[in-house]
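A.B. asks: The file below is coords38.txt, compact mmCIF, N, CA and C atoms:
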# COMPACT_ATOMS: atom_id res chain seq x y z
N VAL A 1 -7.37 -37.73 25.89
CA VAL A 1 -7.76 -36.62 26.75
C VAL A 1 -6.71 -35.50 26.70
N LEU A 2 -5.43 -35.87 26.70
CA LEU A 2 -4.37 -34.86 26.66
C LEU A 2 -4.45 -34.03 25.38
N SER A 3 -4.75 -34.66 24.25
CA SER A 3 -4.83 -33.91 23.00
C SER A 3 -5.98 -32.91 23.04
N VAL A 4 -7.06 -33.25 23.70
CA VAL A 4 -8.19 -32.32 23.84
C VAL A 4 -7.78 -31.12 24.68
N ILE A 5 -7.02 -31.36 25.73
CA ILE A 5 -6.54 -30.27 26.59
C ILE A 5 -5.59 -29.36 25.81
N VAL A 6 -4.67 -29.96 25.05
CA VAL A 6 -3.72 -29.18 24.25
C VAL A 6 -4.46 -28.36 23.20
N ILE A 7 -5.40 -28.95 22.51
CA ILE A 7 -6.18 -28.22 21.50
C ILE A 7 -6.97 -27.10 22.16
N GLY A 8 -7.55 -27.36 23.32
CA GLY A 8 -8.29 -26.33 24.05
C GLY A 8 -7.39 -25.18 24.47
N ALA A 9 -6.19 -25.49 24.94
CA ALA A 9 -5.24 -24.45 25.34
C ALA A 9 -4.81 -23.62 24.14
N LEU A 10 -4.56 -24.28 23.01
CA LEU A 10 -4.18 -23.56 21.80
C LEU A 10 -5.30 -22.64 21.34
N MET A 11 -6.52 -23.12 21.36
CA MET A 11 -7.67 -22.29 20.94
C MET A 11 -7.82 -21.09 21.88
N ALA A 12 -7.66 -21.30 23.18
CA ALA A 12 -7.76 -20.20 24.13
C ALA A 12 -6.68 -19.16 23.86
N TYR A 13 -5.47 -19.61 23.55
CA TYR A 13 -4.38 -18.69 23.25
C TYR A 13 -4.70 -17.88 21.99
N LEU A 14 -5.15 -18.56 20.95
CA LEU A 14 -5.45 -17.86 19.69
C LEU A 14 -6.57 -16.84 19.86
N VAL A 15 -7.57 -17.16 20.65
CA VAL A 15 -8.66 -16.22 20.90
C VAL A 15 -8.14 -15.04 21.71
N ALA A 16 -7.28 -15.30 22.69
CA ALA A 16 -6.77 -14.24 23.56
C ALA A 16 -5.91 -13.25 22.80
N CYS A 17 -5.04 -13.73 21.92
CA CYS A 17 -4.15 -12.80 21.22
C CYS A 17 -4.78 -12.29 19.92
N GLN A 18 -5.89 -12.87 19.50
CA GLN A 18 -6.64 -12.45 18.32
C GLN A 18 -5.74 -12.15 17.12
N PRO A 19 -5.13 -13.19 16.58
CA PRO A 19 -4.26 -12.99 15.42
C PRO A 19 -5.06 -12.54 14.20
N ALA A 20 -4.42 -11.77 13.33
CA ALA A 20 -5.06 -11.28 12.11
C ALA A 20 -4.19 -11.68 10.92
N TRP A 21 -4.68 -12.61 10.11
CA TRP A 21 -3.96 -13.03 8.91
C TRP A 21 -4.09 -11.97 7.83
N SER A 22 -3.00 -11.74 7.10
CA SER A 22 -3.05 -10.81 5.97
C SER A 22 -3.99 -11.38 4.92
N PRO A 23 -4.57 -10.51 4.08
CA PRO A 23 -5.49 -11.00 3.05
C PRO A 23 -4.89 -12.09 2.15
N ASP A 24 -3.59 -12.04 1.89
CA ASP A 24 -2.97 -13.07 1.04
C ASP A 24 -2.49 -14.29 1.84
N GLY A 25 -2.67 -14.27 3.17
CA GLY A 25 -2.31 -15.40 4.00
C GLY A 25 -0.82 -15.58 4.27
N SER A 26 -0.01 -14.57 3.94
CA SER A 26 1.44 -14.71 4.09
C SER A 26 1.98 -14.20 5.42
N LYS A 27 1.19 -13.41 6.14
CA LYS A 27 1.67 -12.82 7.39
C LYS A 27 0.56 -12.82 8.44
N VAL A 28 0.98 -12.77 9.71
CA VAL A 28 0.03 -12.71 10.82
C VAL A 28 0.44 -11.59 11.75
N LEU A 29 -0.50 -10.71 12.05
CA LEU A 29 -0.31 -9.68 13.09
C LEU A 29 -0.95 -10.20 14.37
N PHE A 30 -0.30 -9.95 15.51
CA PHE A 30 -0.91 -10.35 16.78
C PHE A 30 -0.40 -9.47 17.91
N SER A 31 -1.23 -9.33 18.92
CA SER A 31 -0.82 -8.58 20.11
C SER A 31 -0.11 -9.54 21.06
N TYR A 32 0.73 -8.98 21.91
CA TYR A 32 1.47 -9.81 22.85
C TYR A 32 1.78 -9.02 24.11
N GLY A 33 2.13 -9.73 25.16
CA GLY A 33 2.61 -9.14 26.39
C GLY A 33 3.95 -9.77 26.73
N ASP A 34 4.93 -8.95 27.07
CA ASP A 34 6.26 -9.45 27.40
C ASP A 34 6.46 -9.32 28.92
N PRO A 35 6.47 -10.44 29.64
CA PRO A 35 6.61 -10.37 31.09
C PRO A 35 7.97 -9.83 31.55
N LYS A 36 9.01 -9.99 30.73
CA LYS A 36 10.33 -9.49 31.12
C LYS A 36 10.38 -7.97 31.11
N THR A 37 9.86 -7.36 30.04
CA THR A 37 9.92 -5.90 29.91
C THR A 37 8.67 -5.21 30.43
N GLN A 38 7.63 -6.00 30.74
CA GLN A 38 6.34 -5.47 31.18
C GLN A 38 5.70 -4.60 30.10
N GLU A 39 5.96 -4.92 28.83
CA GLU A 39 5.38 -4.17 27.72
C GLU A 39 4.32 -5.01 27.02
N ILE A 40 3.41 -4.30 26.36
CA ILE A 40 2.48 -4.94 25.44
C ILE A 40 2.79 -4.40 24.06
N GLY A 41 2.47 -5.17 23.03
CA GLY A 41 2.80 -4.68 21.70
C GLY A 41 2.12 -5.46 20.60
N ILE A 42 2.53 -5.14 19.38
CA ILE A 42 2.05 -5.78 18.18
C ILE A 42 3.26 -6.40 17.47
N ALA A 43 3.12 -7.64 17.06
CA ALA A 43 4.20 -8.32 16.35
C ALA A 43 3.69 -8.83 15.01
N LEU A 44 4.63 -9.07 14.11
CA LEU A 44 4.33 -9.58 12.77
C LEU A 44 5.09 -10.88 12.56
N PHE A 45 4.37 -11.93 12.20
CA PHE A 45 4.98 -13.21 11.84
C PHE A 45 4.90 -13.33 10.32
N ASP A 46 6.04 -13.57 9.68
CA ASP A 46 6.12 -13.76 8.24
C ASP A 46 6.20 -15.26 7.97
N LYS A 47 5.17 -15.81 7.38
CA LYS A 47 5.09 -17.25 7.12
C LYS A 47 6.22 -17.72 6.20
N LYS A 48 6.60 -16.91 5.23
CA LYS A 48 7.63 -17.29 4.25
C LYS A 48 9.00 -17.44 4.93
N THR A 49 9.37 -16.48 5.77
CA THR A 49 10.69 -16.52 6.42
C THR A 49 10.68 -17.27 7.74
N GLY A 50 9.48 -17.42 8.34
CA GLY A 50 9.38 -18.06 9.65
C GLY A 50 9.82 -17.16 10.78
N LYS A 51 10.01 -15.86 10.51
CA LYS A 51 10.49 -14.93 11.53
C LYS A 51 9.37 -14.05 12.06
N THR A 52 9.52 -13.68 13.33
CA THR A 52 8.58 -12.79 14.00
C THR A 52 9.35 -11.56 14.45
N ARG A 53 8.74 -10.38 14.26
CA ARG A 53 9.38 -9.16 14.76
C ARG A 53 8.33 -8.25 15.39
N SER A 54 8.76 -7.55 16.42
CA SER A 54 7.88 -6.60 17.09
C SER A 54 7.79 -5.33 16.25
N LEU A 55 6.57 -4.86 16.05
CA LEU A 55 6.34 -3.64 15.29
C LEU A 55 6.10 -2.44 16.18
N TYR A 56 5.58 -2.70 17.38
CA TYR A 56 5.15 -1.62 18.26
C TYR A 56 5.09 -2.16 19.68
N ALA A 57 5.66 -1.45 20.63
CA ALA A 57 5.59 -1.88 22.03
C ALA A 57 5.53 -0.66 22.94
N VAL A 58 4.74 -0.78 24.00
CA VAL A 58 4.59 0.30 24.97
C VAL A 58 4.51 -0.29 26.37
N SER A 59 4.80 0.55 27.35
CA SER A 59 4.57 0.18 28.74
C SER A 59 3.12 0.52 29.04
N PRO A 60 2.29 -0.49 29.28
CA PRO A 60 0.86 -0.23 29.43
C PRO A 60 0.48 0.33 30.80
N GLU A 61 -0.66 0.98 30.82
CA GLU A 61 -1.29 1.36 32.07
C GLU A 61 -2.03 0.13 32.59
N PRO A 62 -2.41 0.11 33.86
CA PRO A 62 -3.15 -1.06 34.37
C PRO A 62 -4.42 -1.30 33.54
N GLU A 63 -4.71 -2.57 33.30
CA GLU A 63 -5.91 -3.00 32.58
C GLU A 63 -5.92 -2.60 31.10
N GLU A 64 -4.80 -2.18 30.56
CA GLU A 64 -4.76 -1.77 29.15
C GLU A 64 -4.62 -2.99 28.25
N TRP A 65 -5.23 -2.93 27.08
CA TRP A 65 -5.16 -4.02 26.11
C TRP A 65 -4.94 -3.44 24.72
N MET A 66 -4.64 -4.33 23.78
CA MET A 66 -4.34 -3.91 22.42
C MET A 66 -4.88 -4.96 21.45
N GLN A 67 -5.45 -4.51 20.34
CA GLN A 67 -5.90 -5.40 19.27
C GLN A 67 -5.38 -4.86 17.95
N VAL A 68 -5.28 -5.74 16.96
CA VAL A 68 -4.75 -5.33 15.66
C VAL A 68 -5.53 -6.02 14.55
N GLN A 69 -5.62 -5.34 13.41
CA GLN A 69 -6.28 -5.87 12.23
C GLN A 69 -5.61 -5.28 11.00
N TRP A 70 -5.69 -5.95 9.88
CA TRP A 70 -5.16 -5.42 8.62
C TRP A 70 -6.16 -4.46 8.00
N ASP A 71 -5.66 -3.48 7.24
CA ASP A 71 -6.57 -2.68 6.42
C ASP A 71 -7.04 -3.57 5.26
N GLN A 72 -8.02 -3.11 4.49
CA GLN A 72 -8.58 -3.94 3.43
C GLN A 72 -7.56 -4.35 2.38
N ALA A 73 -6.59 -3.50 2.10
CA ALA A 73 -5.58 -3.82 1.09
C ALA A 73 -4.48 -4.74 1.62
N GLY A 74 -4.43 -4.92 2.94
CA GLY A 74 -3.38 -5.75 3.53
C GLY A 74 -2.03 -5.08 3.57
N GLU A 75 -2.03 -3.74 3.52
CA GLU A 75 -0.77 -2.99 3.50
C GLU A 75 -0.42 -2.34 4.82
N ARG A 76 -1.43 -2.12 5.67
CA ARG A 76 -1.20 -1.42 6.94
C ARG A 76 -1.92 -2.14 8.08
N ALA A 77 -1.37 -1.95 9.27
CA ALA A 77 -2.00 -2.50 10.47
C ALA A 77 -2.85 -1.41 11.11
N ILE A 78 -4.02 -1.79 11.57
CA ILE A 78 -4.88 -0.90 12.34
C ILE A 78 -4.79 -1.38 13.78
N VAL A 79 -4.31 -0.51 14.67
CA VAL A 79 -4.09 -0.87 16.06
C VAL A 79 -5.08 -0.10 16.94
N VAL A 80 -5.73 -0.82 17.85
CA VAL A 80 -6.66 -0.22 18.79
C VAL A 80 -6.14 -0.52 20.20
N ARG A 81 -6.03 0.53 21.01
CA ARG A 81 -5.64 0.37 22.41
C ARG A 81 -6.81 0.81 23.27
N GLY A 82 -7.00 0.13 24.39
CA GLY A 82 -8.08 0.50 25.29
C GLY A 82 -7.81 0.01 26.69
N LYS A 83 -8.78 0.28 27.57
CA LYS A 83 -8.71 -0.16 28.95
C LYS A 83 -9.93 -0.98 29.27
N SER A 84 -9.75 -1.93 30.16
CA SER A 84 -10.86 -2.77 30.59
C SER A 84 -11.96 -1.93 31.22
N LEU A 85 -13.21 -2.31 30.99
CA LEU A 85 -14.33 -1.59 31.58
C LEU A 85 -14.37 -1.77 33.10
N THR A 86 -13.69 -2.78 33.60
CA THR A 86 -13.67 -3.02 35.04
C THR A 86 -12.56 -2.25 35.73
N SER A 87 -11.77 -1.48 34.97
CA SER A 87 -10.67 -0.73 35.54
C SER A 87 -11.18 0.32 36.53
N GLN A 88 -10.50 0.46 37.63
CA GLN A 88 -10.88 1.42 38.67
C GLN A 88 -10.19 2.78 38.50
N GLN A 89 -9.55 3.02 37.38
CA GLN A 89 -8.77 4.24 37.15
C GLN A 89 -9.62 5.33 36.58
Kindly return the structure encoded in the file as structure tokens.
C.D. replies:
Amino acid sequence: VLSVIVIGALMAYLVACQPAWSPDGSKVLFSYGDPKTQEIGIALFDKKTGKTRSLYAVSPEPEEWMQVQWDQAGERAIVVRGKSLTSQQ
């Protein structure tokens, strides 16, 4: 039962951050939220080096979100920022 819960939690996390693998499978772009700095951003994980680095971070407005995807060549990140439709702003 515990393994099912862990797998479910991992799947929920992956869906929430919507990671984008590079076309060659060597890197992953993903959005994140940092509770310490109150920023949201885009990070890059390099599978070869095992290192993650932040590429872009901002102080968000309430209900703001961010998604990322690779361009077709796998050379650039396409970043989309938006606000929740339920936002009262």
A.B. asks: Need the shell around Ala73 of chain A: protein/DNA/RNA residues with any atom at most 8 Å away, counting all atoms listed in the file. Skip same-chain ones fewer than 2 positions apart. Format as a short mmCIF file (atom, residue, chain, number, x, y, z; two decimals) with N, CA and C atoms, keeping the file's coordinate frame?
C.D. replies:
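Resulting contents of result-v7.cif:
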data_model
loop_
_atom_site.label_atom_id
_atom_site.label_comp_id
_atom_site.auth_asym_id
_atom_site.auth_seq_id
_atom_site.Cartn_x
_atom_site.Cartn_y
_atom_site.Cartn_z
N SER A 22 -3.00 -11.74 7.10
CA SER A 22 -3.05 -10.81 5.97
C SER A 22 -3.99 -11.38 4.92
N PRO A 23 -4.57 -10.51 4.08
CA PRO A 23 -5.49 -11.00 3.05
C PRO A 23 -4.89 -12.09 2.15
N ASP A 24 -3.59 -12.04 1.89
CA ASP A 24 -2.97 -13.07 1.04
C ASP A 24 -2.49 -14.29 1.84
N TRP A 70 -5.69 -5.95 9.88
CA TRP A 70 -5.16 -5.42 8.62
C TRP A 70 -6.16 -4.46 8.00
N ASP A 71 -5.66 -3.48 7.24
CA ASP A 71 -6.57 -2.68 6.42
C ASP A 71 -7.04 -3.57 5.26
N GLU A 75 -2.03 -3.74 3.52
CA GLU A 75 -0.77 -2.99 3.50
C GLU A 75 -0.42 -2.34 4.82
N ARG A 76 -1.43 -2.12 5.67
CA ARG A 76 -1.20 -1.42 6.94
C ARG A 76 -1.92 -2.14 8.08
#
A.B. asks: What is the atom CA of Thr49 of chain A-atom CA of Gln69 of chain A distance in Å, reported with one decimal?
C.D. replies: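 So the two atoms, atom CA of Thr49 of chain A and atom CA of Gln69 of chain A, lie 20.9 Å apart.
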A.B. asks: Just give me the gap between atom N of Asp46 of chain A and atom N of Pro19 of chain A in Å, one decimal is fine.
C.D. replies: 13.1 Å
A.B. asks: Could you jot down the atom CA of Gly50 of chain A to atom N of Val68 of chain A separation for me, Å, one decimal place?
C.D. replies: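 Atom CA of Gly50 of chain A sits 20.5 Å away from atom N of Val68 of chain A.
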A.B. asks: For a cutoff of 6 Å around the file-coordinate point (-0.2, -15.2, 10.2), which residues qualify once you count only C-alpha atoms? I'd like the result as a ChimeraX atom specification.
C.D. replies: /A:21,27-28,45
A.B. asks: Write a file of the selected residues as an mmCIF file, in the coordinates of the input, keeping N, CA and C atoms.
C.D. replies:
data_model
loop_
_atom_site.group_PDB
_atom_site.id
_atom_site.type_symbol
_atom_site.label_atom_id
_atom_site.label_comp_id
_atom_site.auth_asym_id
_atom_site.auth_seq_id
_atom_site.Cartn_x
_atom_site.Cartn_y
_atom_site.Cartn_z
ATOM 1 N N TRP A 21 -4.680 -12.610 10.110
ATOM 2 C CA TRP A 21 -3.960 -13.030 8.910
ATOM 3 C C TRP A 21 -4.090 -11.970 7.830
ATOM 4 N N LYS A 27 1.190 -13.410 6.140
ATOM 5 C CA LYS A 27 1.670 -12.820 7.390
ATOM 6 C C LYS A 27 0.560 -12.820 8.440
ATOM 7 N N VAL A 28 0.980 -12.770 9.710
ATOM 8 C CA VAL A 28 0.030 -12.710 10.820
ATOM 9 C C VAL A 28 0.440 -11.590 11.750
ATOM 10 N N PHE A 45 4.370 -11.930 12.200
ATOM 11 C CA PHE A 45 4.980 -13.210 11.840
ATOM 12 C C PHE A 45 4.900 -13.330 10.320
#
A.B. asks: With only C-alpha atoms as the atoms that count, which of A:Arg53, A:Arg81, A:Lys47, A:Lys36 lies nearest to Gln67 of chain A?
C.D. replies: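 Counting only C-alpha atoms, the residue closest to Gln67 of chain A is A:Arg81.
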